[in-house]
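Undergrad: Below is the file coords.tsv, with TSV, C-alpha atoms and all ligand atoms.
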```tsv
chain	number	residue	atom	x	y	z
W	24	MET	CA	85.26	90.40	94.12
W	25	PRO	CA	86.19	91.68	90.63
W	26	SER	CA	88.73	94.50	90.39
W	27	VAL	CA	89.07	97.57	88.18
W	28	SER	CA	91.43	95.66	85.87
W	29	ASP	CA	88.78	92.90	85.53
W	30	PHE	CA	86.39	95.58	84.33
W	31	GLN	CA	88.93	96.94	81.84
W	32	SER	CA	89.46	93.46	80.42
W	33	THR	CA	85.69	92.89	80.07
W	34	TYR	CA	85.48	94.94	76.87
W	35	LEU	CA	87.45	95.17	73.65
W	36	PHE	CA	87.34	98.51	71.85
W	37	ASP	CA	88.37	99.22	68.27
W	38	PRO	CA	88.38	103.02	67.92
W	39	HIS	CA	88.84	102.82	64.11
W	40	LEU	CA	85.58	100.92	63.66
W	41	ALA	CA	83.70	102.36	66.69
W	42	ASP	CA	83.28	98.74	67.68
W	43	VAL	CA	82.91	97.59	71.29
W	44	ARG	CA	82.97	93.86	71.97
W	45	SER	CA	82.49	91.61	74.96
W	46	ASN	CA	85.66	89.81	75.93
W	47	LEU	CA	83.47	86.96	77.21
W	48	THR	CA	81.49	86.29	74.02
W	49	GLY	CA	83.38	88.23	71.34
W	50	GLY	CA	79.96	89.61	70.38
W	51	ARG	CA	79.50	93.26	69.46
W	52	MET	CA	77.98	95.50	72.12
W	53	VAL	CA	76.06	98.74	72.26
W	54	VAL	CA	76.71	100.45	75.58
W	55	LEU	CA	73.55	102.09	76.90
W	56	SER	CA	73.33	104.21	80.03
W	57	SER	CA	71.01	103.03	82.79
W	58	GLU	CA	69.04	106.28	82.20
W	59	ALA	CA	68.54	105.18	78.60
W	60	MET	CA	67.36	101.76	79.80
W	61	ARG	CA	64.94	103.43	82.21
W	62	SER	CA	63.65	105.64	79.44
W	63	LEU	CA	63.09	102.59	77.18
W	64	GLN	CA	61.21	100.92	80.02
W	65	GLU	CA	59.07	104.01	80.60
W	66	GLY	CA	58.17	104.03	76.90
W	67	LEU	CA	57.04	100.41	77.17
W	68	TYR	CA	54.95	101.16	80.29
W	69	LYS	CA	53.26	104.09	78.47
W	70	LYS	CA	52.40	101.88	75.52
W	71	PHE	CA	51.59	98.58	77.21
W	72	SER	CA	50.71	99.58	80.79
W	73	THR	CA	51.20	96.66	83.21
W	74	GLY	CA	51.94	94.33	80.25
W	75	ALA	CA	55.29	96.13	79.95
W	76	SER	CA	56.62	94.39	83.06
W	77	VAL	CA	56.11	91.00	81.34
W	78	ILE	CA	57.91	92.20	78.20
W	79	ILE	CA	60.84	93.59	80.23
W	80	LEU	CA	61.01	90.43	82.34
W	81	GLU	CA	61.14	88.28	79.18
W	82	MET	CA	63.94	90.46	77.77
W	83	GLY	CA	65.87	89.77	80.98
W	84	VAL	CA	65.15	86.03	80.70
W	85	SER	CA	66.59	85.98	77.17
W	86	TYR	CA	69.68	87.88	78.22
W	87	GLY	CA	70.20	85.66	81.28
W	88	SER	CA	69.92	82.56	79.10
W	89	MET	CA	72.52	83.91	76.67
W	90	LEU	CA	74.88	84.75	79.52
W	91	PHE	CA	74.35	81.31	81.04
W	92	ASN	CA	75.25	79.63	77.71
W	93	GLU	CA	78.50	81.58	77.52
W	94	ILE	CA	79.54	80.78	81.09
W	95	GLU	CA	78.61	77.13	80.55
W	96	LYS	CA	80.73	76.99	77.38
W	97	GLN	CA	83.72	78.48	79.21
W	98	SER	CA	83.54	76.20	82.24
W	99	LYS	CA	82.86	72.99	80.27
W	100	ALA	CA	86.40	71.72	80.70
W	101	THR	CA	86.09	71.70	84.49
W	102	PRO	CA	82.82	70.57	86.05
W	103	GLU	CA	81.68	73.34	88.38
W	104	SER	CA	79.34	73.26	91.32
W	105	GLU	CA	76.14	75.29	91.20
W	106	ALA	CA	77.59	77.73	93.74
W	107	VAL	CA	80.69	78.33	91.58
W	108	SER	CA	78.57	78.84	88.45
W	109	LEU	CA	76.40	81.35	90.33
W	110	ARG	CA	79.52	83.22	91.42
W	111	LEU	CA	80.77	83.40	87.80
W	112	LEU	CA	77.40	84.63	86.61
W	113	THR	CA	77.07	87.30	89.29
W	114	GLN	CA	80.67	88.46	88.73
W	115	ASN	CA	79.78	88.98	85.11
W	116	LEU	CA	76.71	91.06	86.01
W	117	PHE	CA	78.89	92.96	88.48
W	118	LYS	CA	81.39	93.84	85.72
W	119	GLU	CA	78.57	94.87	83.39
W	120	GLY	CA	77.47	97.44	85.99
W	121	PHE	CA	74.15	95.90	87.09
W	122	GLY	CA	75.07	96.46	90.76
W	123	LYS	CA	76.54	94.36	93.56
W	124	ILE	CA	74.71	91.05	93.48
W	125	ALA	CA	74.89	88.51	96.31
W	126	PHE	CA	73.02	85.21	96.56
W	127	THR	CA	72.13	83.71	99.92
W	128	GLY	CA	70.33	80.47	100.74
W	129	ASP	CA	71.25	76.96	99.69
W	130	LEU	CA	73.46	77.64	96.65
W	131	GLU	CA	73.92	73.94	95.87
W	132	SER	CA	70.24	72.91	95.87
W	133	GLY	CA	68.53	76.22	95.02
W	134	GLN	CA	66.33	76.19	98.13
W	135	ALA	CA	65.33	79.42	99.92
W	136	LEU	CA	67.32	81.64	97.55
W	137	GLN	CA	67.51	85.36	98.07
W	138	VAL	CA	69.36	87.82	95.90
W	139	LEU	CA	70.49	91.13	97.32
W	140	VAL	CA	71.22	93.77	94.71
W	141	THR	CA	73.01	96.77	96.18
W	142	ASN	CA	73.20	99.90	94.03
W	143	CYS	CA	70.84	98.40	91.43
W	144	ALA	CA	71.35	100.04	88.01
W	145	PHE	CA	67.62	100.12	87.27
W	146	CYS	CA	66.16	101.52	90.47
W	147	THR	CA	66.30	105.02	91.82
W	148	LYS	CA	66.88	106.06	95.41
W	149	SER	CA	63.14	106.00	95.99
W	150	VAL	CA	61.96	102.91	97.87
W	151	SER	CA	58.62	103.03	96.09
W	152	GLU	CA	60.22	102.69	92.65
W	153	ASN	CA	61.16	99.17	91.80
W	154	LYS	CA	62.25	98.90	88.16
W	155	CYS	CA	64.15	95.63	88.43
W	156	ASN	CA	62.14	93.49	86.04
W	157	PHE	CA	64.99	93.10	83.55
W	158	LEU	CA	67.45	92.03	86.24
W	159	ARG	CA	64.78	89.82	87.84
W	160	GLY	CA	64.38	88.10	84.46
W	161	VAL	CA	68.14	87.58	84.16
W	162	ILE	CA	68.30	86.03	87.63
W	163	ILE	CA	65.22	83.81	87.13
W	164	SER	CA	66.67	82.58	83.85
W	165	MET	CA	70.04	81.74	85.45
W	166	THR	CA	68.58	79.95	88.46
W	167	THR	CA	66.06	78.02	86.34
W	168	ARG	CA	68.82	76.74	84.05
W	169	LEU	CA	71.22	76.03	86.91
W	170	PHE	CA	68.86	74.17	89.24
W	171	SER	CA	66.34	72.83	86.65
W	172	LYS	CA	63.55	74.36	88.69
W	173	GLN	CA	60.87	76.93	88.01
W	174	PHE	CA	60.97	79.87	90.42
W	175	LYS	CA	58.40	82.39	91.59
W	176	SER	CA	59.96	85.71	92.48
W	177	ASN	CA	59.18	88.77	94.50
W	178	VAL	CA	61.13	92.06	94.75
W	179	VAL	CA	61.26	94.31	97.79
W	180	CYS	CA	63.29	97.53	97.75
W	181	SER	CA	64.68	99.30	100.78
W	182	ILE	CA	67.31	101.86	101.80
W	183	SER	CA	70.13	100.57	104.00
W	184	GLN	CA	71.50	102.39	107.06
W	185	SER	CA	74.37	103.58	104.87
W	186	ALA	CA	71.78	105.04	102.43
W	187	GLU	CA	72.34	102.42	99.73
W	188	HIS	CA	69.39	101.31	97.64
W	189	ILE	CA	68.92	97.56	98.06
W	190	CYS	CA	66.63	95.37	96.00
W	191	LYS	CA	65.90	92.02	97.58
W	192	ILE	CA	64.69	89.38	95.14
W	193	GLU	CA	63.19	86.33	96.84
W	194	LEU	CA	63.07	83.14	94.80
W	195	VAL	CA	60.77	80.27	95.65
W	196	ALA	CA	61.12	77.02	93.73
W	197	VAL	CA	57.67	75.96	92.54
W	198	LYS	CA	58.41	72.98	90.36
W	199	GLN	CA	61.20	70.73	89.07
W	200	ILE	CA	61.61	70.83	85.29
N	301	ZN	ZN	66.37	97.30	91.61
```
The structure in this file should be written as structure tokens.

TA:
Amino acid sequence: MPSVSDFQSTYLFDPHLADVRSNLTGGRMVVLSSEAMRSLQEGLYKKFSTGASVIILEMGVSYGSMLFNEIEKQSKATPESEAVSLRLLTQNLFKEGFGKIAFTGDLESGQALQVLVTNCAFCTKSVSENKCNFLRGVIISMTTRLFSKQFKSNVVCSISQSAEHICKIELVAVKQI
């Protein structure tokens, strides 16, 4: 599990230029609060109704693909198993504050995958509010690239006994690509 110092080394900050960069990609970042992300999503839902979920999902797919490329570049020297790549990807999302993400199922073949997101950055404490489409897109993108399979996904939110909000994303492989 990543530590506080891992988080501190995730970002590079130049206070003279007001420039925040990712230590993973070197690319410049704009740090948005999860409230700001929710507000952006709400704006899209107002404008595009149910079509907004497709737009948000696609944004997540693009981000997941970018993240996958970076991890792939970094681990090129040593061939990694699918399970190790998944761990690197989820650790990155962890450090970016998406929530605690844990994959279960067959992590080598991509069968019967489930993703538990505890303390999801996009969802509120309300079970009825599931706003995970961006994260769902990121995860679909990663698993599609990693296992060369297309996945259908479903999200169910619940509150754990310790009052933590948990989003469960179920992934079903529908076709090899
Ligand atoms: Zn969620």

Undergrad: Name the residues in contact with Leu158 of chain W at a cut-off of 8 Å, using all atoms listed in the file, excluding same-chain residues fewer than 2 positions from it; report them as a list of chain:residue names.

TA: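 Neighbouring residues, sequence-local ones excluded: W:Leu80, W:Gly83, W:Phe121, W:Cys155, W:Asn156, W:Gly160, W:Val161, W:Ile162.
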
Undergrad: Go through W:Leu169, W:Met52, W:Val178, W:Leu67 one by one, measure the shortest atom-to-atom distance of each to Leu139 of chain W using all atoms listed in the file, and give the residue with the smallest value.

TA: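 So, comparing all the options, the nearest one is W:Val178.
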
Undergrad: Taking all atoms listed in the file into account, name the residue in W:Ala186, W:Ala75, W:Leu47, W:Leu55 that is nearest to Gln97 of chain W.

TA: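 Using all atoms listed in the file, the shortest distance to Gln97 of chain W belongs to W:Leu47.
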
Undergrad: Just the number, please: distance in Å from atom CA of Met165 of chain W to atom CA of Val84 of chain W, one decimal.

TA: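 Rounded to one decimal, the two atoms are 8.1 Å apart.
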
Undergrad: Return as JSON lines the residues of chain W lying at most 10 Å from ligand ZN 301 (chain N), together with the closest atom-to-atom pair for each and the distance in Å to one decimal, counting all atoms listed in the file, with rows in chain order and ascending residue number.

TA:
```
{"residue": "W:Phe121", "atom": "CA", "partner": "N:ZN301", "partner_atom": "ZN", "distance": 9.1}
{"residue": "W:Gly122", "atom": "CA", "partner": "N:ZN301", "partner_atom": "ZN", "distance": 8.8}
{"residue": "W:Leu139", "atom": "CA", "partner": "N:ZN301", "partner_atom": "ZN", "distance": 9.4}
{"residue": "W:Val140", "atom": "CA", "partner": "N:ZN301", "partner_atom": "ZN", "distance": 6.8}
{"residue": "W:Thr141", "atom": "CA", "partner": "N:ZN301", "partner_atom": "ZN", "distance": 8.1}
{"residue": "W:Asn142", "atom": "CA", "partner": "N:ZN301", "partner_atom": "ZN", "distance": 7.7}
{"residue": "W:Cys143", "atom": "CA", "partner": "N:ZN301", "partner_atom": "ZN", "distance": 4.6}
{"residue": "W:Ala144", "atom": "CA", "partner": "N:ZN301", "partner_atom": "ZN", "distance": 6.7}
{"residue": "W:Phe145", "atom": "CA", "partner": "N:ZN301", "partner_atom": "ZN", "distance": 5.3}
{"residue": "W:Cys146", "atom": "CA", "partner": "N:ZN301", "partner_atom": "ZN", "distance": 4.4}
{"residue": "W:Thr147", "atom": "CA", "partner": "N:ZN301", "partner_atom": "ZN", "distance": 7.7}
{"residue": "W:Lys148", "atom": "CA", "partner": "N:ZN301", "partner_atom": "ZN", "distance": 9.6}
{"residue": "W:Val150", "atom": "CA", "partner": "N:ZN301", "partner_atom": "ZN", "distance": 9.5}
{"residue": "W:Glu152", "atom": "CA", "partner": "N:ZN301", "partner_atom": "ZN", "distance": 8.2}
{"residue": "W:Asn153", "atom": "CA", "partner": "N:ZN301", "partner_atom": "ZN", "distance": 5.5}
{"residue": "W:Lys154", "atom": "CA", "partner": "N:ZN301", "partner_atom": "ZN", "distance": 5.6}
{"residue": "W:Cys155", "atom": "CA", "partner": "N:ZN301", "partner_atom": "ZN", "distance": 4.2}
{"residue": "W:Asn156", "atom": "CA", "partner": "N:ZN301", "partner_atom": "ZN", "distance": 8.0}
{"residue": "W:Phe157", "atom": "CA", "partner": "N:ZN301", "partner_atom": "ZN", "distance": 9.2}
{"residue": "W:Leu158", "atom": "CA", "partner": "N:ZN301", "partner_atom": "ZN", "distance": 7.6}
{"residue": "W:Arg159", "atom": "CA", "partner": "N:ZN301", "partner_atom": "ZN", "distance": 8.5}
{"residue": "W:Val178", "atom": "CA", "partner": "N:ZN301", "partner_atom": "ZN", "distance": 8.0}
{"residue": "W:Val179", "atom": "CA", "partner": "N:ZN301", "partner_atom": "ZN", "distance": 8.6}
{"residue": "W:Cys180", "atom": "CA", "partner": "N:ZN301", "partner_atom": "ZN", "distance": 6.9}
{"residue": "W:Ser181", "atom": "CA", "partner": "N:ZN301", "partner_atom": "ZN", "distance": 9.5}
{"residue": "W:His188", "atom": "CA", "partner": "N:ZN301", "partner_atom": "ZN", "distance": 7.8}
{"residue": "W:Ile189", "atom": "CA", "partner": "N:ZN301", "partner_atom": "ZN", "distance": 6.9}
{"residue": "W:Cys190", "atom": "CA", "partner": "N:ZN301", "partner_atom": "ZN", "distance": 4.8}
{"residue": "W:Lys191", "atom": "CA", "partner": "N:ZN301", "partner_atom": "ZN", "distance": 8.0}
{"residue": "W:Ile192", "atom": "CA", "partner": "N:ZN301", "partner_atom": "ZN", "distance": 8.8}
```

Undergrad: Compile the contact shell of segment 197-200 of chain W as a PyMOL selection string: residues with an atom at most 7 Å away, counting all atoms listed in the file, same-chain residues fewer than 6 positions apart removed.

TA: chain W and resi 171-175

Undergrad: At a cut-off of 9 Å, using all atoms listed in the file, what residues contact Phe126 of chain W? Leave out same-chain residues fewer than 4 positions from it and give the result as a ChimeraX atom specification.

TA: /W:109-110,113,130,136-140

Undergrad: Excluding Phe170 of chain W and its own-chain neighbours fewer than 2 positions away, which residues fall within 8 Å of it when counting all atoms listed in the file? Please give them as an mmCIF file with C-alpha atoms, keeping the file's coordinate frame.

TA:
```cif
data_model
loop_
_atom_site.group_PDB
_atom_site.id
_atom_site.type_symbol
_atom_site.label_atom_id
_atom_site.label_comp_id
_atom_site.auth_asym_id
_atom_site.auth_seq_id
_atom_site.Cartn_x
_atom_site.Cartn_y
_atom_site.Cartn_z
ATOM 1 C CA GLU W 105 76.140 75.290 91.200
ATOM 2 C CA SER W 132 70.240 72.910 95.870
ATOM 3 C CA GLY W 133 68.530 76.220 95.020
ATOM 4 C CA THR W 166 68.580 79.950 88.460
ATOM 5 C CA THR W 167 66.060 78.020 86.340
ATOM 6 C CA ARG W 168 68.820 76.740 84.050
ATOM 7 C CA LYS W 172 63.550 74.360 88.690
#
```

Undergrad: Distance atom CA of Phe30 of chain W-atom CA of Asp129 of chain W, one decimal place?

TA: 28.5 Å

Undergrad: So, with all atoms listed in the file as the atoms that count, which of W:Leu90, W:Leu63, W:Ile163, W:Ile78 lies closest to Ser45 of chain W?

TA: W:Leu90

Undergrad: Could you check the closest approach to Met60 of chain W for each of W:Leu112, W:Ile79, W:Tyr34, W:Ser72 and tell me which residue wins, using all atoms listed in the file?

TA: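 Distance minimum relative to Met60 of chain W lands on W:Ile79.
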
Undergrad: So what do you get for atom CA of Val107 of chain W versus atom CA of Glu187 of chain W, distance-wise?

TA: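 We find that atom CA of Val107 of chain W and atom CA of Glu187 of chain W lie 26.8 Å from each other.
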
Undergrad: Counting only C-alpha atoms, which residue out of W:Thr73, W:Gly120, W:Ser62, W:Thr48 sits closest to Ile94 of chain W?

TA: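 Smallest separation from Ile94 of chain W among the options: W:Thr48.
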
Undergrad: Please provide as an NGL selection string all residues within 10 Å of Gly50 of chain W, with the sequence filter that same-chain residues fewer than 6 positions apart are discarded (counting all atoms listed in the file).

TA: :W and (35 or 43-44)
